[in-house]
file query-v6.cif (mmCIF, C-alpha atoms)
data_target
#
loop_
_atom_site.group_PDB
_atom_site.id
_atom_site.type_symbol
_atom_site.label_atom_id
_atom_site.label_comp_id
_atom_site.auth_asym_id
_atom_site.auth_seq_id
_atom_site.Cartn_x
_atom_site.Cartn_y
_atom_site.Cartn_z
ATOM 1 C CA MET A 1 45.764 175.592 34.384
ATOM 2 C CA THR A 2 47.077 175.301 37.940
ATOM 3 C CA ILE A 3 47.824 177.982 40.513
ATOM 4 C CA ALA A 4 49.115 177.909 44.068
ATOM 5 C CA SER A 5 47.532 179.618 47.049
ATOM 6 C CA ALA A 6 47.014 183.349 46.631
ATOM 7 C CA SER A 7 49.206 183.888 49.669
ATOM 8 C CA ARG A 8 52.180 182.531 47.724
ATOM 9 C CA ILE A 9 51.929 184.124 44.272
ATOM 10 C CA PRO A 10 50.052 187.172 42.870
ATOM 11 C CA ARG A 11 46.638 186.497 41.394
ATOM 12 C CA ARG A 12 46.114 187.593 37.795
ATOM 13 C CA ILE A 13 42.613 188.836 37.135
ATOM 14 C CA LEU A 14 41.455 189.078 33.499
ATOM 15 C CA ALA A 15 38.533 191.150 32.298
ATOM 16 C CA LEU A 16 36.106 188.329 31.590
ATOM 17 C CA THR A 17 32.506 187.902 32.663
ATOM 18 C CA LEU A 18 30.959 184.732 34.074
ATOM 19 C CA ILE A 19 27.466 183.958 32.886
ATOM 20 C CA LEU A 20 25.489 182.547 35.807
ATOM 21 C CA THR A 21 22.877 179.852 35.473
ATOM 22 C CA LEU A 22 19.333 181.118 36.055
ATOM 23 C CA PHE A 23 15.991 179.335 35.909
ATOM 24 C CA SER A 24 14.584 182.372 34.126
ATOM 25 C CA VAL A 25 13.948 182.361 30.402
ATOM 26 C CA GLN A 26 12.002 184.221 27.742
ATOM 27 C CA LEU A 27 9.238 182.131 26.206
ATOM 28 C CA ILE A 28 7.145 182.780 23.126
ATOM 29 C CA ILE A 29 4.001 180.738 23.661
ATOM 30 C CA ALA A 30 2.831 179.125 20.442
ATOM 31 C CA ALA A 31 1.677 175.781 19.155
ATOM 32 C CA ALA A 32 5.010 174.932 17.519
ATOM 33 C CA PRO A 33 7.419 172.825 19.609
ATOM 34 C CA ALA A 34 10.479 174.592 21.006
ATOM 35 C CA GLU A 35 14.042 173.512 20.333
ATOM 36 C CA ALA A 36 15.754 171.689 23.176
ATOM 37 C CA ALA A 37 17.768 174.131 25.269
ATOM 38 C CA ALA A 38 21.231 173.495 26.639
ATOM 39 C CA SER A 39 21.148 171.974 30.104
ATOM 40 C CA ASN A 40 23.319 170.667 32.892
ATOM 41 C CA SER A 41 23.965 166.931 32.786
ATOM 42 C CA ILE A 42 24.139 165.857 36.425
ATOM 43 C CA SER A 43 24.713 162.179 35.663
ATOM 44 C CA GLU A 44 27.640 162.978 33.348
ATOM 45 C CA GLU A 45 29.163 165.234 36.000
ATOM 46 C CA GLN A 46 29.165 162.291 38.382
ATOM 47 C CA ASP A 47 30.439 159.965 35.661
ATOM 48 C CA PHE A 48 33.405 162.289 35.102
ATOM 49 C CA VAL A 49 34.241 162.207 38.819
ATOM 50 C CA THR A 50 34.073 158.406 38.752
ATOM 51 C CA ALA A 51 36.246 158.179 35.629
ATOM 52 C CA ILE A 52 38.829 160.548 37.124
ATOM 53 C CA ASN A 53 39.013 158.582 40.350
ATOM 54 C CA VAL A 54 39.390 155.326 38.395
ATOM 55 C CA LEU A 55 42.261 156.920 36.472
ATOM 56 C CA ARG A 56 43.886 158.128 39.690
ATOM 57 C CA ALA A 57 43.650 154.633 41.149
ATOM 58 C CA GLU A 58 45.479 153.293 38.072
ATOM 59 C CA TYR A 59 48.303 155.718 38.858
ATOM 60 C CA GLY A 60 48.283 154.782 42.540
ATOM 61 C CA VAL A 61 46.778 158.128 43.608
ATOM 62 C CA GLY A 62 43.971 158.591 46.121
ATOM 63 C CA PRO A 63 40.424 159.565 45.049
ATOM 64 C CA LEU A 64 39.078 163.102 44.932
ATOM 65 C CA THR A 65 36.098 164.201 47.027
ATOM 66 C CA LEU A 66 33.280 166.193 45.430
ATOM 67 C CA GLU A 67 33.085 169.749 46.826
ATOM 68 C CA VAL A 68 29.723 171.411 46.154
ATOM 69 C CA SER A 69 30.864 175.062 46.041
ATOM 70 C CA ILE A 70 33.680 174.215 43.627
ATOM 71 C CA ARG A 71 31.243 172.193 41.518
ATOM 72 C CA ASP A 72 28.835 175.151 41.372
ATOM 73 C CA ALA A 73 31.640 177.450 40.219
ATOM 74 C CA ALA A 74 32.651 174.867 37.593
ATOM 75 C CA ARG A 75 29.055 174.779 36.364
ATOM 76 C CA ASP A 76 28.952 178.571 36.109
ATOM 77 C CA HIS A 77 32.090 178.620 33.989
ATOM 78 C CA THR A 78 30.784 175.786 31.812
ATOM 79 C CA TRP A 79 27.636 177.786 31.107
ATOM 80 C CA ALA A 80 29.844 180.741 30.165
ATOM 81 C CA MET A 81 31.719 178.579 27.668
ATOM 82 C CA GLU A 82 28.506 177.154 26.207
ATOM 83 C CA SER A 83 27.132 180.667 25.767
ATOM 84 C CA ALA A 84 30.342 181.795 24.045
ATOM 85 C CA GLY A 85 30.476 178.675 21.868
ATOM 86 C CA TYR A 86 34.099 177.797 22.653
ATOM 87 C CA VAL A 87 36.252 176.683 25.598
ATOM 88 C CA PHE A 88 38.541 178.894 27.658
ATOM 89 C CA HIS A 89 39.980 179.021 31.164
ATOM 90 C CA ALA A 90 38.227 181.137 33.780
ATOM 91 C CA ALA A 91 39.714 184.530 34.593
ATOM 92 C CA ASP A 92 39.847 183.494 38.250
ATOM 93 C CA ILE A 93 39.829 179.735 38.757
ATOM 94 C CA THR A 94 39.712 180.210 42.532
ATOM 95 C CA ALA A 95 36.217 181.724 42.345
ATOM 96 C CA GLY A 96 33.758 179.820 44.515
ATOM 97 C CA ALA A 97 36.396 177.750 46.316
ATOM 98 C CA PRO A 98 35.830 177.698 50.096
ATOM 99 C CA ALA A 99 38.530 179.191 52.287
ATOM 100 C CA GLY A 100 41.625 177.180 53.123
ATOM 101 C CA TRP A 101 42.703 175.981 49.685
ATOM 102 C CA GLN A 102 46.422 175.622 48.993
ATOM 103 C CA LYS A 103 46.362 174.826 45.276
ATOM 104 C CA ILE A 104 43.776 175.083 42.494
ATOM 105 C CA GLY A 105 43.775 173.561 39.017
ATOM 106 C CA GLU A 106 41.378 173.598 36.082
ATOM 107 C CA ASN A 107 40.780 171.502 32.955
ATOM 108 C CA VAL A 108 38.250 172.577 30.334
ATOM 109 C CA GLY A 109 37.063 170.709 27.278
ATOM 110 C CA LEU A 110 34.514 170.322 24.499
ATOM 111 C CA GLY A 111 33.547 167.090 22.794
ATOM 112 C CA PRO A 112 30.806 164.550 22.139
ATOM 113 C CA ASN A 113 31.147 162.331 25.214
ATOM 114 C CA ILE A 114 33.081 161.484 28.372
ATOM 115 C CA ALA A 115 35.220 158.730 26.823
ATOM 116 C CA ILE A 116 36.571 160.948 24.036
ATOM 117 C CA LEU A 117 37.207 163.888 26.369
ATOM 118 C CA MET A 118 38.930 161.747 28.986
ATOM 119 C CA ASN A 119 41.143 160.244 26.288
ATOM 120 C CA ALA A 120 42.061 163.743 25.104
ATOM 121 C CA PHE A 121 42.836 164.870 28.659
ATOM 122 C CA VAL A 122 44.984 161.813 29.360
ATOM 123 C CA ASN A 123 46.964 162.372 26.160
ATOM 124 C CA SER A 124 47.716 165.984 27.077
ATOM 125 C CA SER A 125 50.533 166.256 29.609
ATOM 126 C CA GLY A 126 49.197 169.418 31.233
ATOM 127 C CA HIS A 127 45.676 168.059 31.646
ATOM 128 C CA LEU A 128 46.928 164.676 32.837
ATOM 129 C CA ALA A 129 49.073 166.407 35.455
ATOM 130 C CA ASN A 130 45.941 167.888 37.030
ATOM 131 C CA LEU A 131 44.036 164.613 36.807
ATOM 132 C CA ILE A 132 46.628 162.563 38.678
ATOM 133 C CA ASP A 133 48.202 165.229 40.903
ATOM 134 C CA PRO A 134 48.504 163.457 44.287
ATOM 135 C CA SER A 135 48.260 166.745 46.195
ATOM 136 C CA PHE A 136 44.709 167.471 45.027
ATOM 137 C CA THR A 137 42.028 166.365 47.481
ATOM 138 C CA HIS A 138 38.755 167.770 46.105
ATOM 139 C CA ILE A 139 37.023 168.253 42.764
ATOM 140 C CA GLY A 140 34.076 170.000 41.195
ATOM 141 C CA VAL A 141 32.829 169.147 37.701
ATOM 142 C CA GLY A 142 30.401 171.074 35.531
ATOM 143 C CA VAL A 143 28.859 169.633 32.359
ATOM 144 C CA VAL A 144 26.521 171.437 29.974
ATOM 145 C CA ARG A 145 24.961 169.572 27.078
ATOM 146 C CA ASP A 146 24.040 171.524 23.940
ATOM 147 C CA GLY A 147 22.625 168.848 21.666
ATOM 148 C CA ALA A 148 25.434 166.427 20.813
ATOM 149 C CA THR A 149 28.101 168.782 22.165
ATOM 150 C CA MET A 150 29.383 168.551 25.722
ATOM 151 C CA TYR A 151 31.129 171.448 27.454
ATOM 152 C CA THR A 152 32.896 170.637 30.706
ATOM 153 C CA THR A 153 34.963 172.292 33.428
ATOM 154 C CA HIS A 154 36.947 170.342 36.020
ATOM 155 C CA ARG A 155 38.191 172.235 39.073
ATOM 156 C CA PHE A 156 40.757 170.558 41.331
ATOM 157 C CA ALA A 157 41.699 171.785 44.808
ATOM 158 C CA LYS A 158 44.128 170.922 47.565
ATOM 159 C CA TYR A 159 42.903 171.301 51.139
ATOM 160 C CA PRO A 160 44.867 170.277 54.237
ATOM 161 C CA THR A 161 41.530 169.486 55.912
ATOM 162 C CA SER A 162 37.888 169.614 54.862
ATOM 163 C CA PRO A 163 36.981 172.964 53.218
ATOM 164 C CA THR A 164 35.379 175.633 55.391
ATOM 165 C CA PRO A 165 31.656 175.943 54.545
ATOM 166 C CA SER A 166 30.985 179.117 52.585
ATOM 167 C CA THR A 167 27.646 179.665 54.388
ATOM 168 C CA PRO A 168 28.035 180.613 58.075
ATOM 169 C CA PRO A 169 25.908 178.810 60.671
ATOM 170 C CA ASP A 170 23.005 180.647 62.272
ATOM 171 C CA ASN A 171 22.673 181.156 66.022
ATOM 172 C CA LEU A 172 21.395 177.603 66.442
ATOM 173 C CA GLY A 173 24.489 176.136 64.830
ATOM 174 C CA PHE A 174 22.487 175.056 61.757
ATOM 175 C CA VAL A 175 24.266 175.651 58.456
ATOM 176 C CA LYS A 176 21.698 177.024 56.007
ATOM 177 C CA ARG A 177 22.292 176.356 52.337
ATOM 178 C CA TYR A 178 20.221 177.083 49.271
ATOM 179 C CA ALA A 179 18.374 174.253 47.604
ATOM 180 C CA GLU A 180 20.121 172.513 44.731
ATOM 181 C CA ALA A 181 17.897 172.566 41.647
ATOM 182 C CA GLN A 182 17.778 172.316 37.881
ATOM 183 C CA LEU A 183 15.171 172.964 35.235
ATOM 184 C CA ASP A 184 15.466 170.231 32.591
ATOM 185 C CA VAL A 185 12.451 171.133 30.449
ATOM 186 C CA LEU A 186 10.578 174.400 29.907
ATOM 187 C CA GLU A 187 8.600 174.255 26.705
ATOM 188 C CA PRO A 188 5.438 175.867 25.345
ATOM 189 C CA GLY A 189 2.363 174.127 24.009
ATOM 190 C CA PRO A 190 -1.081 175.286 22.921
ATOM 191 C CA GLY A 191 -2.230 177.397 25.876
ATOM 192 C CA LEU A 192 0.190 175.796 28.332
ATOM 193 C CA ILE A 193 3.794 175.326 29.361
ATOM 194 C CA ARG A 194 5.501 172.163 30.535
ATOM 195 C CA ILE A 195 8.165 172.248 33.207
ATOM 196 C CA GLN A 196 10.298 169.381 34.408
ATOM 197 C CA GLY A 197 13.335 169.196 36.650
ATOM 198 C CA TRP A 198 14.556 168.380 40.122
ATOM 199 C CA SER A 199 15.238 170.049 43.448
ATOM 200 C CA TYR A 200 16.569 169.068 46.841
ATOM 201 C CA ASP A 201 17.843 170.878 49.932
ATOM 202 C CA PRO A 202 21.304 169.734 51.136
ATOM 203 C CA ASP A 203 20.212 170.473 54.708
ATOM 204 C CA LYS A 204 17.250 168.076 54.407
ATOM 205 C CA PRO A 205 18.289 165.746 51.573
ATOM 206 C CA SER A 206 15.418 163.256 51.987
ATOM 207 C CA HIS A 207 12.803 166.043 52.119
ATOM 208 C CA SER A 208 10.767 166.900 48.982
ATOM 209 C CA THR A 209 11.111 170.650 48.431
ATOM 210 C CA VAL A 210 8.475 173.047 47.093
ATOM 211 C CA VAL A 211 8.694 174.517 43.588
ATOM 212 C CA HIS A 212 6.932 177.743 42.523
ATOM 213 C CA VAL A 213 6.295 178.964 38.969
ATOM 214 C CA TYR A 214 5.656 182.627 38.111
ATOM 215 C CA ALA A 215 5.118 184.484 34.835
ATOM 216 C CA PHE A 216 5.788 188.092 33.911
ATOM 217 C CA PHE A 217 3.240 188.599 31.135
ATOM 218 C CA ASP A 218 4.222 190.581 28.025
ATOM 219 C CA GLY A 219 7.069 192.505 29.668
ATOM 220 C CA SER A 220 5.237 193.258 32.909
ATOM 221 C CA SER A 221 7.274 193.721 36.102
ATOM 222 C CA GLU A 222 4.535 192.106 38.211
ATOM 223 C CA PRO A 223 4.832 188.340 38.711
ATOM 224 C CA VAL A 224 1.725 186.163 38.452
ATOM 225 C CA ALA A 225 1.680 182.718 40.058
ATOM 226 C CA LEU A 226 0.923 179.962 37.544
ATOM 227 C CA ASP A 227 0.924 177.015 39.935
ATOM 228 C CA THR A 228 -2.028 176.976 42.299
ATOM 229 C CA PRO A 229 -1.661 174.869 44.311
ATOM 230 C CA VAL A 230 2.140 174.894 44.330
ATOM 231 C CA ALA A 231 3.982 171.697 43.458
ATOM 232 C CA ALA A 232 6.360 169.605 45.514
ATOM 233 C CA ALA A 233 9.411 168.045 43.910
ATOM 234 C CA ASN A 234 8.183 164.608 44.957
ATOM 235 C CA LYS A 235 8.520 162.460 41.850
ATOM 236 C CA PRO A 236 11.189 159.728 41.680
ATOM 237 C CA ARG A 237 14.549 160.810 40.212
ATOM 238 C CA PRO A 238 16.966 157.914 40.812
ATOM 239 C CA ASP A 239 19.627 159.694 38.713
ATOM 240 C CA ILE A 240 19.656 162.585 41.180
ATOM 241 C CA ASN A 241 19.757 160.221 44.139
ATOM 242 C CA ARG A 242 22.800 158.475 42.639
ATOM 243 C CA ALA A 243 24.541 161.718 41.685
ATOM 244 C CA PHE A 244 24.270 163.268 45.156
ATOM 245 C CA GLY A 245 24.149 160.125 47.295
ATOM 246 C CA ILE A 246 20.729 160.982 48.738
ATOM 247 C CA ASP A 247 17.370 159.275 49.151
ATOM 248 C CA GLY A 248 13.789 160.498 48.798
ATOM 249 C CA ASP A 249 11.932 161.842 45.742
ATOM 250 C CA HIS A 250 13.127 165.079 44.143
ATOM 251 C CA GLY A 251 11.665 165.360 40.642
ATOM 252 C CA PHE A 252 8.865 167.595 39.404
ATOM 253 C CA PHE A 253 6.718 167.763 36.268
ATOM 254 C CA ARG A 254 3.853 170.201 35.652
ATOM 255 C CA GLU A 255 1.671 171.329 32.764
ATOM 256 C CA LEU A 256 0.393 174.807 33.544
ATOM 257 C CA ALA A 257 -2.132 176.949 31.683
ATOM 258 C CA ILE A 258 -0.787 180.212 30.259
ATOM 259 C CA ARG A 259 -2.174 182.758 27.844
ATOM 260 C CA PRO A 260 -0.572 183.378 24.420
ATOM 261 C CA GLY A 261 2.128 186.032 24.248
ATOM 262 C CA THR A 262 5.806 186.632 24.984
ATOM 263 C CA HIS A 263 6.397 186.047 28.664
ATOM 264 C CA LYS A 264 9.224 185.655 31.129
ATOM 265 C CA VAL A 265 8.748 182.499 33.208
ATOM 266 C CA CYS A 266 10.623 181.881 36.468
ATOM 267 C CA VAL A 267 10.805 178.618 38.396
ATOM 268 C CA TYR A 268 11.801 178.852 42.051
ATOM 269 C CA SER A 269 13.027 176.045 44.281
ATOM 270 C CA ILE A 270 12.364 176.920 47.922
ATOM 271 C CA SER A 271 14.848 175.805 50.584
ATOM 272 C CA VAL A 272 13.793 174.613 54.026
ATOM 273 C CA ASP A 273 14.880 175.279 57.578
ATOM 274 C CA GLU A 274 16.206 172.754 60.070
ATOM 275 C CA ALA A 275 12.681 171.511 60.803
ATOM 276 C CA GLY A 276 11.996 170.852 57.103
ATOM 277 C CA ILE A 277 9.677 173.885 56.794
ATOM 278 C CA ALA A 278 9.985 176.162 53.754
ATOM 279 C CA ASP A 279 11.920 179.233 54.884
ATOM 280 C CA GLY A 280 11.360 181.369 51.787
ATOM 281 C CA ALA A 281 14.977 181.340 50.617
ATOM 282 C CA ASN A 282 14.857 180.499 46.945
ATOM 283 C CA ARG A 283 17.232 179.396 44.241
ATOM 284 C CA LEU A 284 16.598 180.622 40.714
#
call {"tool": "encode", "arguments": {"input": "query-v6.cif", "output": "structure tokens"}}
result
Amino acid sequence: MTIASASRIPRRILALTLILTLFSVQLIIAAAPAEAAASNSISEEQDFVTAINVLRAEYGVGPLTLEVSIRDAARDHTWAMESAGYVFHAADITAGAPAGWQKIGENVGLGPNIAILMNAFVNSSGHLANLIDPSFTHIGVGVVRDGATMYTTHRFAKYPTSPTPSTPPDNLGFVKRYAEAQLDVLEPGPGLIRIQGWSYDPDKPSHSTVVHVYAFFDGSSEPVALDTPVAAANKPRPDINRAFGIDGDHGFFRELAIRPGTHKVCVYSISVDEAGIADGANRL
């Protein structure tokens, strides 16, 4: 699917709902191991970008630049497809794109791996047209793994210059952005839960952010902190460093005591201000 700037043709809005990614899940605490949940695959997102740029080079077309807001919107739509169990185009493929775009395109797919999906895209004239369109300058890729099945959304955009940041600067000229984060593991054990994932703040990419864990016990509306003291995302995650082109340590792993029952557990990644101090803004 490809559309031109909204200033040039009418936008068609369909009655569909995006399912946003939250680090908030319902857990039943028991001794039995939980099934692996669907999760974002950051490394495969980056591998798709690399494969697409290799393909473009073969066609004599310049590489695409990763755009974070477009990538986040692509992830949201990929989660929506995974939840529905099939692939479909977004009702509004311009959602999440920073201001200034002139053209937007989208490819969506489902398959076992990158090689098979890329082969399918290349052998479809409409999908290939998006992949090698010389006018596109930026890309965002979302990948959600559900066992052996991969769901993916590729958003392509044309910008005459660099996209306008979606978050306005504060009065000091510092652009504040939420921390980037993902929960890879949240599983129950006898009297405990295990959490594992990563977090980093784009404004302080080498800084190890703080992660908080809260539980809402048995349907309660009052959160109870499970992590005292709180944890820093300060364990090595070379895959995250490669995916985002950053340094520092950004992984976390905790085993936290919790009483038996059916509880809602939330994991918060806390962003930092320009001095690297936690400012309380959190990303679920």
call {"tool": "resolve_selection", "arguments": {"input": "query-v6.cif", "expression": "the PyMOL selection byres ((chain A and resi 157) around 6)", "output": "list in words"}}
result
Lys103, Ile104, Phe136, His138, Phe156 and Lys158 of chain A
call {"tool": "residues_around", "arguments": {"input": "query-v6.cif", "residues": "A:Ala57", "least_positions_apart": "6", "cutoff": "12 Å", "atoms": "only C-alpha atoms", "output": "PyMOL selection string"}}
result
chain A and resi 50-51+63-64+131-134
call {"tool": "write_last_selection", "arguments": {"input": "query-v6.cif", "atoms": "C-alpha atoms", "output": "PDB file, in the coordinates of the input"}}
result
ATOM      1  CA  THR A  50      34.073 158.406  38.752  1.00  0.00           C
ATOM      2  CA  ALA A  51      36.246 158.179  35.629  1.00  0.00           C
ATOM      3  CA  PRO A  63      40.424 159.565  45.049  1.00  0.00           C
ATOM      4  CA  LEU A  64      39.078 163.102  44.932  1.00  0.00           C
ATOM      5  CA  LEU A 131      44.036 164.613  36.807  1.00  0.00           C
ATOM      6  CA  ILE A 132      46.628 162.563  38.678  1.00  0.00           C
ATOM      7  CA  ASP A 133      48.202 165.229  40.903  1.00  0.00           C
ATOM      8  CA  PRO A 134      48.504 163.457  44.287  1.00  0.00           C
TER       9      PRO A 134
END
call {"tool": "closest_residue", "arguments": {"input": "query-v6.cif", "among": "A:His263, A:His127, A:Arg56, A:Arg145", "to": "A:Glu222", "atoms": "all atoms listed in the file"}}
result
A:His263
call {"tool": "closest_residue", "arguments": {"input": "query-v6.cif", "among": "A:Asp249, A:Asp203, A:Asp218, A:Asp146", "to": "A:Met81", "atoms": "all atoms listed in the file"}}
result
A:Asp146
call {"tool": "resolve_selection", "arguments": {"input": "query-v6.cif", "expression": "the PyMOL selection byres ((chain A and resi 237) around 8)", "output": "PyMOL selection string"}}
result
chain A and resi 198+235-236+238-241+249-251
call {"tool": "closest_residue", "arguments": {"input": "query-v6.cif", "among": "A:Ile116, A:Leu226, A:Ala129, A:Ala243", "to": "A:Gln46", "atoms": "only C-alpha atoms"}}
result
A:Ala243
call {"tool": "atom_distance", "arguments": {"input": "query-v6.cif", "atom1": "atom CA of A:Ile270", "atom2": "atom CA of A:Tyr151"}}
result
28.3 Å
call {"tool": "residues_around", "arguments": {"input": "query-v6.cif", "residues": "A:Val87", "least_positions_apart": "5", "cutoff": "12 Å", "atoms": "all atoms listed in the file", "output": "ChimeraX atom specification"}}
result
/A:77-82,107-111,144,149-153
call {"tool": "atom_distance", "arguments": {"input": "query-v6.cif", "atom1": "atom CA of A:Ser83", "atom2": "atom CA of A:Glu106"}}
result
19.0 Å
call {"tool": "atom_distance", "arguments": {"input": "query-v6.cif", "atom1": "atom CA of A:Asn234", "atom2": "atom CA of A:Leu256"}}
result
17.2 Å
call {"tool": "resolve_selection", "arguments": {"input": "query-v6.cif", "expression": "the PyMOL selection byres ((chain A and resi 200) around 8)", "output": "PDB file with C-alpha atoms, in the coordinates of the input"}}
result
ATOM      1  CA  ALA A 179      18.374 174.253  47.604  1.00  0.00           C
ATOM      2  CA  GLU A 180      20.121 172.513  44.731  1.00  0.00           C
ATOM      3  CA  ALA A 181      17.897 172.566  41.647  1.00  0.00           C
ATOM      4  CA  TRP A 198      14.556 168.380  40.122  1.00  0.00           C
ATOM      5  CA  SER A 199      15.238 170.049  43.448  1.00  0.00           C
ATOM      6  CA  ASP A 201      17.843 170.878  49.932  1.00  0.00           C
ATOM      7  CA  PRO A 202      21.304 169.734  51.136  1.00  0.00           C
ATOM      8  CA  LYS A 204      17.250 168.076  54.407  1.00  0.00           C
ATOM      9  CA  PRO A 205      18.289 165.746  51.573  1.00  0.00           C
ATOM     10  CA  SER A 206      15.418 163.256  51.987  1.00  0.00           C
ATOM     11  CA  HIS A 207      12.803 166.043  52.119  1.00  0.00           C
ATOM     12  CA  SER A 208      10.767 166.900  48.982  1.00  0.00           C
ATOM     13  CA  THR A 209      11.111 170.650  48.431  1.00  0.00           C
ATOM     14  CA  ALA A 233       9.411 168.045  43.910  1.00  0.00           C
ATOM     15  CA  HIS A 250      13.127 165.079  44.143  1.00  0.00           C
ATOM     16  CA  SER A 271      14.848 175.805  50.584  1.00  0.00           C
TER      17      SER A 271
END
call {"tool": "residues_around", "arguments": {"input": "query-v6.cif", "residues": "A:Ala215", "least_positions_apart": "5", "cutoff": "7 Å", "atoms": "only C-alpha atoms", "output": "list in words"}}
result
Pro223, Val224, Ala225, Leu226, His263, Lys264, Val265 and Cys266 of chain A
call {"tool": "closest_residue", "arguments": {"input": "query-v6.cif", "among": "A:Thr161, A:Asn53, A:Asn113, A:Ser135", "to": "A:Gly100", "atoms": "only C-alpha atoms"}}
result
A:Thr161
